[in-house]
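Trainee: Sharing entry.txt below, compact mmCIF, C-alpha atoms and all ligand atoms:
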# COMPACT_ATOMS: atom_id res chain seq x y z
CA MET S 1 0.00 0.00 0.00
CA ILE S 2 1.29 3.47 -0.89
CA ARG S 3 1.40 5.77 2.12
CA THR S 4 2.65 9.34 2.02
CA SER S 5 2.79 12.19 4.52
CA ILE S 6 -0.65 13.28 3.36
CA CYS S 7 -2.17 9.98 4.52
CA ASP S 8 -0.96 10.68 8.07
CA LEU S 9 -1.90 14.35 7.99
CA LEU S 10 -5.44 13.71 6.76
CA GLU S 11 -5.88 10.29 8.39
CA ILE S 12 -6.69 8.57 5.09
CA ASP S 13 -5.51 5.27 3.61
CA HIS S 14 -4.73 6.32 0.03
CA PRO S 15 -3.13 9.58 -1.20
CA ILE S 16 -6.09 10.22 -3.49
CA ALA S 17 -8.53 13.12 -3.10
CA LEU S 18 -11.72 14.30 -4.74
CA GLY S 19 -11.88 17.96 -5.78
CA GLY S 20 -14.84 19.70 -4.20
CA MET S 21 -16.79 20.69 -7.28
CA GLY S 22 -19.35 23.40 -6.64
CA SER S 23 -21.31 22.61 -9.77
CA ALA S 24 -21.10 18.82 -9.43
CA SER S 25 -21.04 17.50 -5.87
CA SER S 26 -23.17 15.04 -3.96
CA PRO S 27 -23.07 13.51 -0.49
CA ALA S 28 -23.05 10.05 -2.11
CA MET S 29 -19.92 10.80 -4.17
CA THR S 30 -18.15 12.53 -1.26
CA ALA S 31 -18.90 9.65 1.11
CA ALA S 32 -17.95 6.97 -1.43
CA VAL S 33 -14.46 8.42 -1.92
CA SER S 34 -13.87 8.73 1.84
CA ARG S 35 -15.28 5.27 2.56
CA ALA S 36 -12.81 3.81 0.07
CA GLY S 37 -9.93 5.41 1.97
CA GLY S 38 -9.44 8.57 -0.10
CA LEU S 39 -10.43 12.10 0.86
CA GLY S 40 -13.93 13.01 -0.30
CA ALA S 41 -14.96 16.64 -0.67
CA MET S 42 -18.11 18.60 -1.26
CA GLY S 43 -18.32 21.83 -3.22
CA CYS S 44 -20.19 24.45 -1.16
CA HIS S 45 -20.01 27.28 -3.68
CA TYR S 46 -23.69 27.39 -4.57
CA LEU S 47 -25.04 26.15 -1.22
CA SER S 48 -26.96 28.00 1.50
CA PRO S 49 -26.09 27.35 5.18
CA GLU S 50 -29.08 25.02 5.43
CA GLN S 51 -28.01 23.03 2.36
CA ILE S 52 -24.46 22.74 3.72
CA ARG S 53 -25.84 21.37 7.02
CA GLU S 54 -28.15 18.91 5.23
CA ARG S 55 -25.52 17.63 2.81
CA THR S 56 -22.84 17.31 5.48
CA ALA S 57 -25.28 15.34 7.65
CA ALA S 58 -26.17 13.12 4.67
CA THR S 59 -22.48 12.48 4.04
CA ARG S 60 -21.86 11.68 7.70
CA GLU S 61 -24.73 9.19 7.64
CA GLU S 62 -22.82 7.27 4.98
CA THR S 63 -19.32 7.47 6.45
CA ASN S 64 -17.46 8.45 9.59
CA LYS S 65 -14.23 8.95 7.60
CA PRO S 66 -12.76 12.44 7.03
CA PHE S 67 -13.89 14.64 4.15
CA GLY S 68 -13.57 18.27 3.10
CA LEU S 69 -15.87 21.19 2.39
CA ASN S 70 -14.79 23.33 -0.56
CA PHE S 71 -15.05 27.12 -0.86
CA LEU S 72 -14.08 29.48 -3.68
CA LEU S 73 -12.66 32.38 -1.72
CA PHE S 74 -13.34 35.16 -4.23
CA ASP S 75 -17.05 34.44 -3.96
CA THR S 76 -17.62 33.06 -0.45
CA ARG S 77 -20.80 33.87 1.45
CA GLU S 78 -20.04 34.61 5.11
CA ASP S 79 -23.16 32.79 6.37
CA SER S 80 -22.29 29.64 4.40
CA PHE S 81 -18.65 29.78 5.50
CA ALA S 82 -19.64 30.18 9.18
CA ALA S 83 -22.13 27.31 8.88
CA ALA S 84 -19.42 25.06 7.43
CA LEU S 85 -17.00 25.87 10.26
CA GLU S 86 -19.65 25.05 12.87
CA LEU S 87 -19.81 21.55 11.38
CA ARG S 88 -16.08 21.13 12.00
CA PRO S 89 -15.20 19.21 8.83
CA ALA S 90 -11.85 17.42 8.85
CA VAL S 91 -10.70 19.63 5.97
CA MET S 92 -11.54 23.04 4.55
CA GLN S 93 -10.61 22.97 0.88
CA PHE S 94 -10.05 26.49 -0.50
CA ALA S 95 -9.36 27.81 -3.98
CA TRP S 96 -9.31 30.96 -6.10
CA ALA S 97 -8.87 33.96 -3.84
CA ARG S 98 -8.59 37.38 -5.45
CA ALA S 99 -4.97 38.63 -5.57
CA GLU S 100 -5.63 41.38 -3.01
CA GLN S 101 -7.74 39.17 -0.71
CA GLU S 102 -6.20 38.26 2.66
CA LEU S 103 -6.05 34.49 3.17
CA SER S 104 -5.21 34.35 6.87
CA PRO S 105 -8.64 35.43 8.19
CA TYR S 106 -10.16 32.37 6.49
CA PHE S 107 -7.29 30.05 7.35
CA ASP S 108 -7.13 31.15 11.01
CA ARG S 109 -10.85 30.59 11.51
CA ALA S 110 -10.64 27.16 9.89
CA HIS S 111 -7.70 26.18 12.08
CA GLU S 112 -9.56 27.40 15.18
CA ALA S 113 -12.43 25.09 14.17
CA GLY S 114 -9.95 22.20 14.14
CA CYS S 115 -9.85 21.78 10.35
CA LYS S 116 -6.86 21.04 8.15
CA ILE S 117 -6.54 23.49 5.27
CA THR S 118 -5.85 22.81 1.63
CA TYR S 119 -5.46 25.62 -0.89
CA MET S 120 -5.47 25.10 -4.63
CA ALA S 121 -2.99 27.21 -6.61
CA SER S 122 -2.30 27.35 -10.34
CA ALA S 123 0.86 29.43 -10.06
CA VAL S 124 3.95 29.28 -7.83
CA LYS S 125 3.44 32.77 -6.36
CA GLU S 126 -0.09 31.91 -5.28
CA ALA S 127 1.09 28.62 -3.74
CA VAL S 128 3.78 30.43 -1.72
CA ARG S 129 1.26 33.03 -0.56
CA ALA S 130 -1.06 30.29 0.73
CA ALA S 131 1.76 28.35 2.40
CA LYS S 132 2.88 31.53 4.19
CA ALA S 133 -0.70 32.14 5.34
CA GLY S 134 -0.68 28.71 7.01
CA ALA S 135 -2.18 26.20 4.53
CA ASP S 136 -1.44 22.62 5.64
CA ILE S 137 -1.43 21.29 2.07
CA ILE S 138 -1.03 23.03 -1.29
CA ILE S 139 -2.88 21.64 -4.28
CA ALA S 140 -0.89 22.46 -7.42
CA GLN S 141 -3.36 22.47 -10.29
CA GLY S 142 -2.19 22.33 -13.90
CA SER S 143 -4.07 23.64 -16.90
CA GLU S 144 -4.89 20.15 -18.24
CA GLY S 145 -7.61 19.88 -15.60
CA GLY S 146 -11.34 20.35 -15.90
CA GLY S 147 -13.17 23.46 -14.71
CA HIS S 148 -11.30 26.65 -13.83
CA VAL S 149 -7.58 26.36 -14.41
CA GLY S 150 -4.57 28.65 -14.79
CA TRP S 151 -1.92 28.81 -17.50
CA MET S 152 0.79 26.36 -16.39
CA GLY S 153 0.80 22.65 -17.26
CA SER S 154 1.02 20.11 -14.43
CA MET S 155 4.42 18.75 -15.52
CA PRO S 156 6.44 21.92 -14.77
CA LEU S 157 4.06 23.43 -12.19
CA ILE S 158 4.03 20.56 -9.71
CA PRO S 159 7.80 20.26 -9.07
CA MET S 160 8.10 24.05 -9.07
CA VAL S 161 5.45 24.30 -6.35
CA VAL S 162 7.00 21.38 -4.43
CA ASP S 163 10.33 23.21 -4.41
CA ALA S 164 8.79 26.55 -3.49
CA VAL S 165 6.52 25.56 -0.59
CA GLY S 166 8.46 22.70 1.04
CA PRO S 167 8.15 21.31 3.67
CA VAL S 168 4.42 21.95 3.15
CA PRO S 169 3.14 18.88 1.26
CA VAL S 170 1.65 19.16 -2.22
CA LEU S 171 -1.22 17.35 -3.90
CA ALA S 172 -1.05 17.30 -7.70
CA ALA S 173 -4.18 18.11 -9.72
CA GLY S 174 -5.03 18.58 -13.36
CA GLY S 175 -4.90 15.71 -15.83
CA PHE S 176 -4.68 12.79 -13.38
CA ALA S 177 -7.07 9.89 -13.86
CA ASP S 178 -5.31 6.60 -13.11
CA GLY S 179 -2.49 4.85 -11.25
CA ARG S 180 0.06 5.98 -13.83
CA GLY S 181 -0.86 9.55 -12.95
CA LEU S 182 -0.40 8.89 -9.24
CA VAL S 183 3.08 7.45 -9.81
CA ALA S 184 3.99 10.42 -12.04
CA ALA S 185 2.80 12.88 -9.38
CA LEU S 186 4.84 11.10 -6.68
CA SER S 187 7.87 11.23 -8.96
CA LEU S 188 7.42 14.99 -9.33
CA GLY S 189 7.58 15.33 -5.56
CA ALA S 190 3.86 15.52 -4.78
CA GLN S 191 2.43 13.48 -1.92
CA GLY S 192 -0.71 12.44 -3.79
CA ILE S 193 -3.28 13.48 -6.37
CA LEU S 194 -6.61 15.29 -6.45
CA LEU S 195 -9.06 14.46 -9.22
CA GLY S 196 -12.21 15.99 -10.65
CA THR S 197 -13.05 14.70 -14.13
CA ARG S 198 -12.41 11.01 -13.30
CA PHE S 199 -14.98 11.14 -10.49
CA LEU S 200 -17.54 12.96 -12.65
CA ALA S 201 -17.83 9.71 -14.61
CA SER S 202 -18.74 7.61 -11.57
CA VAL S 203 -21.96 5.95 -10.43
CA GLU S 204 -22.38 8.43 -7.55
CA SER S 205 -21.64 11.56 -9.62
CA PRO S 206 -24.66 13.88 -9.80
CA LEU S 207 -24.15 14.58 -13.53
CA HIS S 208 -26.87 13.64 -16.01
CA PRO S 209 -26.04 10.21 -17.52
CA ASN S 210 -25.53 11.81 -20.96
CA PHE S 211 -22.76 14.03 -19.56
CA LYS S 212 -21.06 11.05 -17.89
CA GLN S 213 -21.20 9.24 -21.25
CA ALA S 214 -19.73 12.30 -23.02
CA ILE S 215 -16.68 12.01 -20.75
CA VAL S 216 -16.36 8.32 -21.58
CA ASP S 217 -16.76 9.06 -25.32
CA SER S 218 -14.16 11.86 -25.25
CA ASP S 219 -10.70 11.20 -26.66
CA GLY S 220 -9.33 14.06 -24.56
CA HIS S 221 -8.76 16.28 -27.60
CA ASP S 222 -12.19 17.90 -27.49
CA THR S 223 -11.74 20.32 -24.59
CA GLN S 224 -11.26 24.05 -24.89
CA LEU S 225 -10.17 26.82 -22.54
CA SER S 226 -12.54 29.75 -22.72
CA GLU S 227 -14.30 32.40 -20.67
CA ILE S 228 -17.62 31.61 -22.33
CA PRO S 229 -19.24 29.66 -19.42
CA ASP S 230 -18.28 32.45 -16.99
CA ILE S 231 -19.57 35.20 -19.25
CA ALA S 232 -22.87 33.33 -19.53
CA ALA S 233 -23.02 32.92 -15.74
CA GLY S 234 -22.05 36.57 -15.17
CA LEU S 235 -18.92 35.61 -13.19
CA VAL S 236 -15.52 37.30 -13.24
CA TRP S 237 -13.09 34.60 -12.13
CA PRO S 238 -9.76 35.76 -10.68
CA GLY S 239 -7.06 34.55 -13.07
CA ALA S 240 -8.69 31.59 -14.73
CA MET S 241 -10.57 30.37 -17.74
CA THR S 242 -12.71 27.23 -17.88
CA ARG S 243 -11.67 24.00 -19.54
CA SER S 244 -14.84 22.43 -20.87
CA ARG S 245 -16.04 20.17 -23.66
CA ARG S 246 -16.01 21.95 -27.04
CA ASN S 247 -19.68 21.63 -27.99
CA LYS S 248 -22.17 23.64 -30.06
CA PHE S 249 -22.67 26.12 -27.22
CA ILE S 250 -18.95 26.92 -26.97
CA GLU S 251 -18.48 27.01 -30.76
CA ARG S 252 -21.43 29.40 -31.21
CA TRP S 253 -19.88 32.06 -28.97
CA ALA S 254 -16.13 31.53 -29.47
CA GLY S 255 -14.70 34.78 -30.87
CA ARG S 256 -18.09 36.45 -30.28
CA GLU S 257 -17.85 36.87 -26.52
CA TRP S 258 -18.99 40.49 -26.94
CA ALA S 259 -22.27 39.20 -28.39
CA LEU S 260 -22.71 36.69 -25.56
CA ARG S 261 -22.43 39.54 -23.04
CA GLN S 262 -25.37 41.20 -24.79
CA HIS S 263 -27.50 38.03 -24.90
CA ARG S 264 -26.53 36.71 -21.50
CA ALA S 265 -30.00 36.28 -19.96
CA GLU S 266 -31.25 34.28 -22.93
CA ALA S 267 -28.06 32.22 -23.12
CA ILE S 268 -28.01 31.28 -19.42
CA ALA S 269 -31.66 30.20 -19.50
CA LYS S 270 -30.99 27.91 -22.50
CA LEU S 271 -27.85 26.59 -20.91
CA ARG S 272 -29.60 25.65 -17.66
CA ALA S 273 -32.42 23.93 -19.55
CA ALA S 274 -29.87 21.99 -21.62
CA ARG S 275 -28.02 20.88 -18.50
CA GLU S 276 -31.27 19.61 -16.93
CA ALA S 277 -32.26 17.81 -20.12
CA GLY S 278 -28.85 16.17 -20.53
CA ASP S 279 -28.28 17.94 -23.85
CA VAL S 280 -24.52 17.54 -24.32
CA ASP S 281 -24.45 19.80 -27.41
CA GLU S 282 -25.94 22.83 -25.70
CA GLY S 283 -25.15 22.26 -21.99
CA PRO S 284 -21.71 23.14 -20.59
CA LEU S 285 -19.54 20.25 -19.40
CA SER S 286 -16.36 21.14 -17.52
CA MET S 287 -13.87 18.35 -18.03
CA GLY S 288 -10.11 17.89 -18.28
CA GLN S 289 -7.90 16.48 -21.02
CA ASP S 290 -7.72 13.31 -18.93
CA ALA S 291 -11.23 12.52 -20.21
CA GLY S 292 -9.27 10.67 -22.89
CA LEU S 293 -8.10 8.22 -20.19
CA ILE S 294 -11.63 7.50 -18.94
CA TRP S 295 -13.49 4.62 -20.52
CA ASP S 296 -16.08 3.48 -17.97
CA ILE S 297 -18.43 4.62 -15.21
CA PRO S 298 -17.52 2.62 -12.07
CA SER S 299 -18.40 3.47 -8.48
CA ALA S 300 -16.31 6.26 -6.95
CA GLY S 301 -14.94 3.79 -4.40
CA GLU S 302 -13.75 1.48 -7.15
CA ILE S 303 -11.94 4.39 -8.81
CA VAL S 304 -9.97 5.01 -5.59
CA THR S 305 -9.11 1.31 -5.16
CA ARG S 306 -8.17 0.91 -8.82
CA ILE S 307 -5.83 3.92 -8.85
CA ALA S 308 -4.12 2.80 -5.63
CA GLN S 309 -3.64 -0.76 -6.91
CA GLU S 310 -2.40 0.28 -10.35
CA ALA S 311 0.12 2.73 -8.85
CA GLU S 312 1.38 0.09 -6.43
CA GLU S 313 1.80 -2.41 -9.24
CA ILE S 314 3.86 0.09 -11.28
CA LEU S 315 6.05 1.00 -8.30
CA MET S 316 6.62 -2.58 -7.18
CA ARG S 317 6.92 -4.42 -10.51
CA THR S 318 7.31 -2.23 -13.59
CA LEU S 319 9.70 0.50 -12.39
CA PRO S 320 12.15 -1.64 -10.35
CA ARG S 321 12.84 -3.66 -13.53
CA LEU S 322 14.18 -0.50 -15.16
CA VAL S 323 16.91 -0.04 -12.56
CA GLY S 324 20.01 -2.05 -13.51
CA THR S 325 22.08 -3.77 -10.85
CA ALA S 326 25.65 -2.51 -10.55
CA ASN S 327 28.41 -5.05 -11.17
C1 LIG S 401 -17.19 20.37 -13.07
C2 LIG S 401 -16.04 20.86 -12.24
C3 LIG S 401 -16.30 21.75 -11.20
C4 LIG S 401 -15.25 22.19 -10.39
N1 LIG S 401 -15.53 23.03 -9.34
C5 LIG S 401 -14.55 23.32 -8.44
C6 LIG S 401 -14.85 24.06 -7.26
O1 LIG S 401 -15.99 24.47 -7.02
N2 LIG S 401 -13.84 24.28 -6.39
C7 LIG S 401 -12.55 23.83 -6.61
O2 LIG S 401 -11.67 24.03 -5.76
N3 LIG S 401 -12.24 23.16 -7.74
C8 LIG S 401 -13.21 22.89 -8.64
N4 LIG S 401 -12.91 22.17 -9.78
C9 LIG S 401 -11.48 21.76 -10.03
C10 LIG S 401 -11.18 20.42 -9.36
O3 LIG S 401 -11.16 20.58 -7.96
C11 LIG S 401 -9.84 19.86 -9.81
O4 LIG S 401 -8.80 20.78 -9.53
C12 LIG S 401 -9.76 19.52 -11.29
O5 LIG S 401 -10.93 18.88 -11.70
C13 LIG S 401 -8.54 18.64 -11.52
O6 LIG S 401 -8.39 18.31 -12.87
P1 LIG S 401 -9.04 16.99 -13.53
O7 LIG S 401 -10.43 17.39 -13.87
O8 LIG S 401 -8.20 16.74 -14.71
O9 LIG S 401 -8.99 15.88 -12.51
C14 LIG S 401 -13.92 21.75 -10.63
C15 LIG S 401 -13.68 20.85 -11.69
C16 LIG S 401 -14.72 20.40 -12.48
C17 LIG S 401 -14.41 19.42 -13.58
Represent the structure of the file as structure tokens.
Mentor:
Amino acid sequence: MIRTSICDLLEIDHPIALGGMGSASSPAMTAAVSRAGGLGAMGCHYLSPEQIRERTAATREETNKPFGLNFLLFDTREDSFAAALELRPAVMQFAWARAEQELSPYFDRAHEAGCKITYMASAVKEAVRAAKAGADIIIAQGSEGGGHVGWMGSMPLIPMVVDAVGPVPVLAAGGFADGRGLVAALSLGAQGILLGTRFLASVESPLHPNFKQAIVDSDGHDTQLSEIPDIAAGLVWPGAMTRSRRNKFIERWAGREWALRQHRAEAIAKLRAAREAGDVDEGPLSMGQDAGLIWDIPSAGEIVTRIAQEAEEILMRTLPRLVGTAN
């Protein structure tokens, strides 16, 4: 079994974490990842205090293992944040603060509530800022990933962040979907991986079945970075664009973002209806390039077990064969 410093810090069996996805979270998926020995997480971005209490209780009914609650700092509601702290989750998973926003008020309150803190950064400077403010773990997220991402690919970003924030441990995110990815991340100096897209195509994922199938059908070459989903939603994200599936919706507005701004109300209404209906041509689907590595829809627990076993197999059998014996 692969154990890293993150397993001890978070009291988990496998160095594998679920990204708290505000637009695609469910107690069932969170609990399934934690039950399997990974770290589950729930996106709280769109949730009221009451919904956070209900969903945390539902998760705790399914598991007594640790999990995290995720907040996007540039757009955090004080009442929701305070409600989350009262629940004393094992982990508060933060991401995307504005450059001028102070991190320590959030981090200090989370520590006082007894939580461990993770902060997701897509650039070295941001990772260092979060480590200095007291984050227990930095998540280094490369631009291959699904959803909002920065400009640096995982391959250079992860070792750069590892070097910059040490001894604070790093979880690698963005483009990881299997045991090969976990081994690669460990080789780059990370202590584990955090995944989004892989878990979206799981039994417990709240996505419409058509969207799960679109991830399975993807060859990984059909994603695009754009600001189109944010323009439609009326959001100004600090330093990120969205990686999503290149569908009719994205193609219609690409290069015509000015027009989308003018037709926003109409566009968002259509987009929401398409998401509900499972219309993969017109509904937005955030997913990473690692969609090309995903070919089935297993349970979230099986994904954790499979990644851990595959990584162990590579470390114990495949890689040692490559090291020659001196004579
Ligand atoms: C649909 C979707 C929604 C996401 N929402 C959030 C979020 O609310 N908060 C957050 O910290 N990360 C969010 N992310 C990013 C993930 O936590 C993670 O960094 C990313 O998915 C990793 O790349 P991967 O998709 O290649 O695994 C989201 C990702 C996706 C695909």
Trainee: Show me which residues sit within 9 Å of ligand LIG 401 (chain S) when counting all atoms listed in the file, and put them as JSON, numbers by chain.
Mentor: {"S": [18, 19, 20, 21, 22, 23, 24, 25, 42, 43, 44, 45, 46, 70, 71, 72, 93, 94, 95, 96, 119, 120, 139, 140, 141, 142, 143, 144, 145, 146, 147, 148, 149, 172, 173, 174, 175, 176, 177, 193, 194, 195, 196, 197, 198, 199, 200, 242, 243, 244, 285, 286, 287, 288, 289, 290, 291]}
Trainee: What lies within 10 Å of segment 295-306 of chain S using all atoms listed in the file, ignoring chain neighbours under 5 positions off, as an mmCIF file with C-alpha atoms, keeping the file's coordinate frame?
Mentor:
data_model
loop_
_atom_site.group_PDB
_atom_site.id
_atom_site.type_symbol
_atom_site.label_atom_id
_atom_site.label_comp_id
_atom_site.auth_asym_id
_atom_site.auth_seq_id
_atom_site.Cartn_x
_atom_site.Cartn_y
_atom_site.Cartn_z
ATOM 1 C CA HIS S 14 -4.730 6.320 0.030
ATOM 2 C CA PRO S 15 -3.130 9.580 -1.200
ATOM 3 C CA ILE S 16 -6.090 10.220 -3.490
ATOM 4 C CA ALA S 17 -8.530 13.120 -3.100
ATOM 5 C CA LEU S 18 -11.720 14.300 -4.740
ATOM 6 C CA ALA S 28 -23.050 10.050 -2.110
ATOM 7 C CA MET S 29 -19.920 10.800 -4.170
ATOM 8 C CA THR S 30 -18.150 12.530 -1.260
ATOM 9 C CA ALA S 31 -18.900 9.650 1.110
ATOM 10 C CA ALA S 32 -17.950 6.970 -1.430
ATOM 11 C CA VAL S 33 -14.460 8.420 -1.920
ATOM 12 C CA SER S 34 -13.870 8.730 1.840
ATOM 13 C CA ARG S 35 -15.280 5.270 2.560
ATOM 14 C CA ALA S 36 -12.810 3.810 0.070
ATOM 15 C CA GLY S 37 -9.930 5.410 1.970
ATOM 16 C CA GLY S 38 -9.440 8.570 -0.100
ATOM 17 C CA LEU S 39 -10.430 12.100 0.860
ATOM 18 C CA GLY S 40 -13.930 13.010 -0.300
ATOM 19 C CA ALA S 177 -7.070 9.890 -13.860
ATOM 20 C CA ASP S 178 -5.310 6.600 -13.110
ATOM 21 C CA GLY S 179 -2.490 4.850 -11.250
ATOM 22 C CA ARG S 198 -12.410 11.010 -13.300
ATOM 23 C CA PHE S 199 -14.980 11.140 -10.490
ATOM 24 C CA LEU S 200 -17.540 12.960 -12.650
ATOM 25 C CA ALA S 201 -17.830 9.710 -14.610
ATOM 26 C CA SER S 202 -18.740 7.610 -11.570
ATOM 27 C CA VAL S 203 -21.960 5.950 -10.430
ATOM 28 C CA GLU S 204 -22.380 8.430 -7.550
ATOM 29 C CA SER S 205 -21.640 11.560 -9.620
ATOM 30 C CA PRO S 209 -26.040 10.210 -17.520
ATOM 31 C CA LYS S 212 -21.060 11.050 -17.890
ATOM 32 C CA GLN S 213 -21.200 9.240 -21.250
ATOM 33 C CA ILE S 215 -16.680 12.010 -20.750
ATOM 34 C CA VAL S 216 -16.360 8.320 -21.580
ATOM 35 C CA ASP S 217 -16.760 9.060 -25.320
ATOM 36 C CA SER S 218 -14.160 11.860 -25.250
ATOM 37 C CA ASP S 219 -10.700 11.200 -26.660
ATOM 38 C CA ALA S 311 0.120 2.730 -8.850
ATOM 39 C CA GLU S 312 1.380 0.090 -6.430
#
Trainee: May I have the protein, DNA and RNA residues with any atom at most 8 Å from the point (-2.2, 34.0, 4.0), counting only C-alpha atoms, written as a ChimeraX atom specification?
Mentor: /S:102-105,107,129-135
Trainee: With distances taken over all atoms listed in the file, which residue among S:Arg256, S:Arg55, S:Ala269, S:Pro66 lies nearest Asp8 of chain S?
Mentor: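 Nearest candidate to Asp8 of chain S out of S:Arg256, S:Arg55, S:Ala269, S:Pro66: S:Pro66.
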Trainee: With 3 Å on each side, where is the centre of the axis-aligned box around all listed atoms of segment 211-221 of chain S, and how long are its edges in Å to one decimal, as lines of an AutoDock Vina configuration file?
Mentor:
center_x = -15.8
center_y = 12.3
center_z = -22.7
size_x = 20.0
size_y = 14.0
size_z = 15.7
Trainee: By how many Å are atom CA of Ser226 of chain S and atom CA of Asp75 of chain S apart?
Mentor: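 Result for atom CA of Ser226 of chain S versus atom CA of Asp75 of chain S: 19.9 Å, one decimal.
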Trainee: I'd like the interatomic distance between atom CA of Gly192 of chain S and atom CA of Ala84 of chain S, to a tenth of an Å.
Mentor: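 One can read the atom CA of Gly192 of chain S to atom CA of Ala84 of chain S distance as 25.2 Å.
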Trainee: Can you tell me, as a tab-separated table (two decimals) with C-alpha atoms, in the coordinates of the input, what residues are no more than 8 Å from Asn210 of chain S when counting only C-alpha atoms, ignoring any on the same chain fewer than 5 positions away?
Mentor:
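The file below, result.tsv, is the result:
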chain	number	residue	atom	x	y	z
S	278	GLY	CA	-28.85	16.17	-20.53
S	279	ASP	CA	-28.28	17.94	-23.85
S	280	VAL	CA	-24.52	17.54	-24.32
Trainee: Please indicate the distance in Å from atom CA of Asp230 of chain S to atom CA of Ala110 of chain S, rounded to one decimal place.
Mentor: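 About the pair atom CA of Asp230 of chain S and atom CA of Ala110 of chain S: they are 28.4 Å apart.
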Trainee: Considering only C-alpha atoms, state which residue in the set S:Ile52, S:Met316, S:Ala123, S:Leu293 is at the smallest distance from Val161 of chain S.
Mentor: S:Ala123
Trainee: Which residue out of S:Glu313, S:Glu227, S:Ala308, S:Gly234 has the minimum interatomic distance to Gly255 of chain S when all atoms listed in the file are used?
Mentor: S:Glu227
Trainee: Can you pull out every residue within 12 Å of Pro89 of chain S, counting all atoms listed in the file, but drop anything in the same chain fewer than 3 positions away, and send it as a PyMOL selection string?
Mentor: chain S and resi 10+39-42+52-53+56-57+59-60+64-70+81-86+92-93+110-117
Trainee: S:Leu47, S:Ala240, S:Ala267, S:Leu157: which is nearest Arg252 of chain S, counting all atoms listed in the file?
Mentor: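 Going through S:Leu47, S:Ala240, S:Ala267, S:Leu157 one by one, the smallest distance to Arg252 of chain S is for S:Ala267.
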Trainee: Rank nothing, just name the residue among S:Asp281, S:Gly150, S:Ala90, S:Val124 nearest to Met241 of chain S, using only C-alpha atoms.
Mentor: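 So, comparing all the options, the nearest one is S:Gly150.
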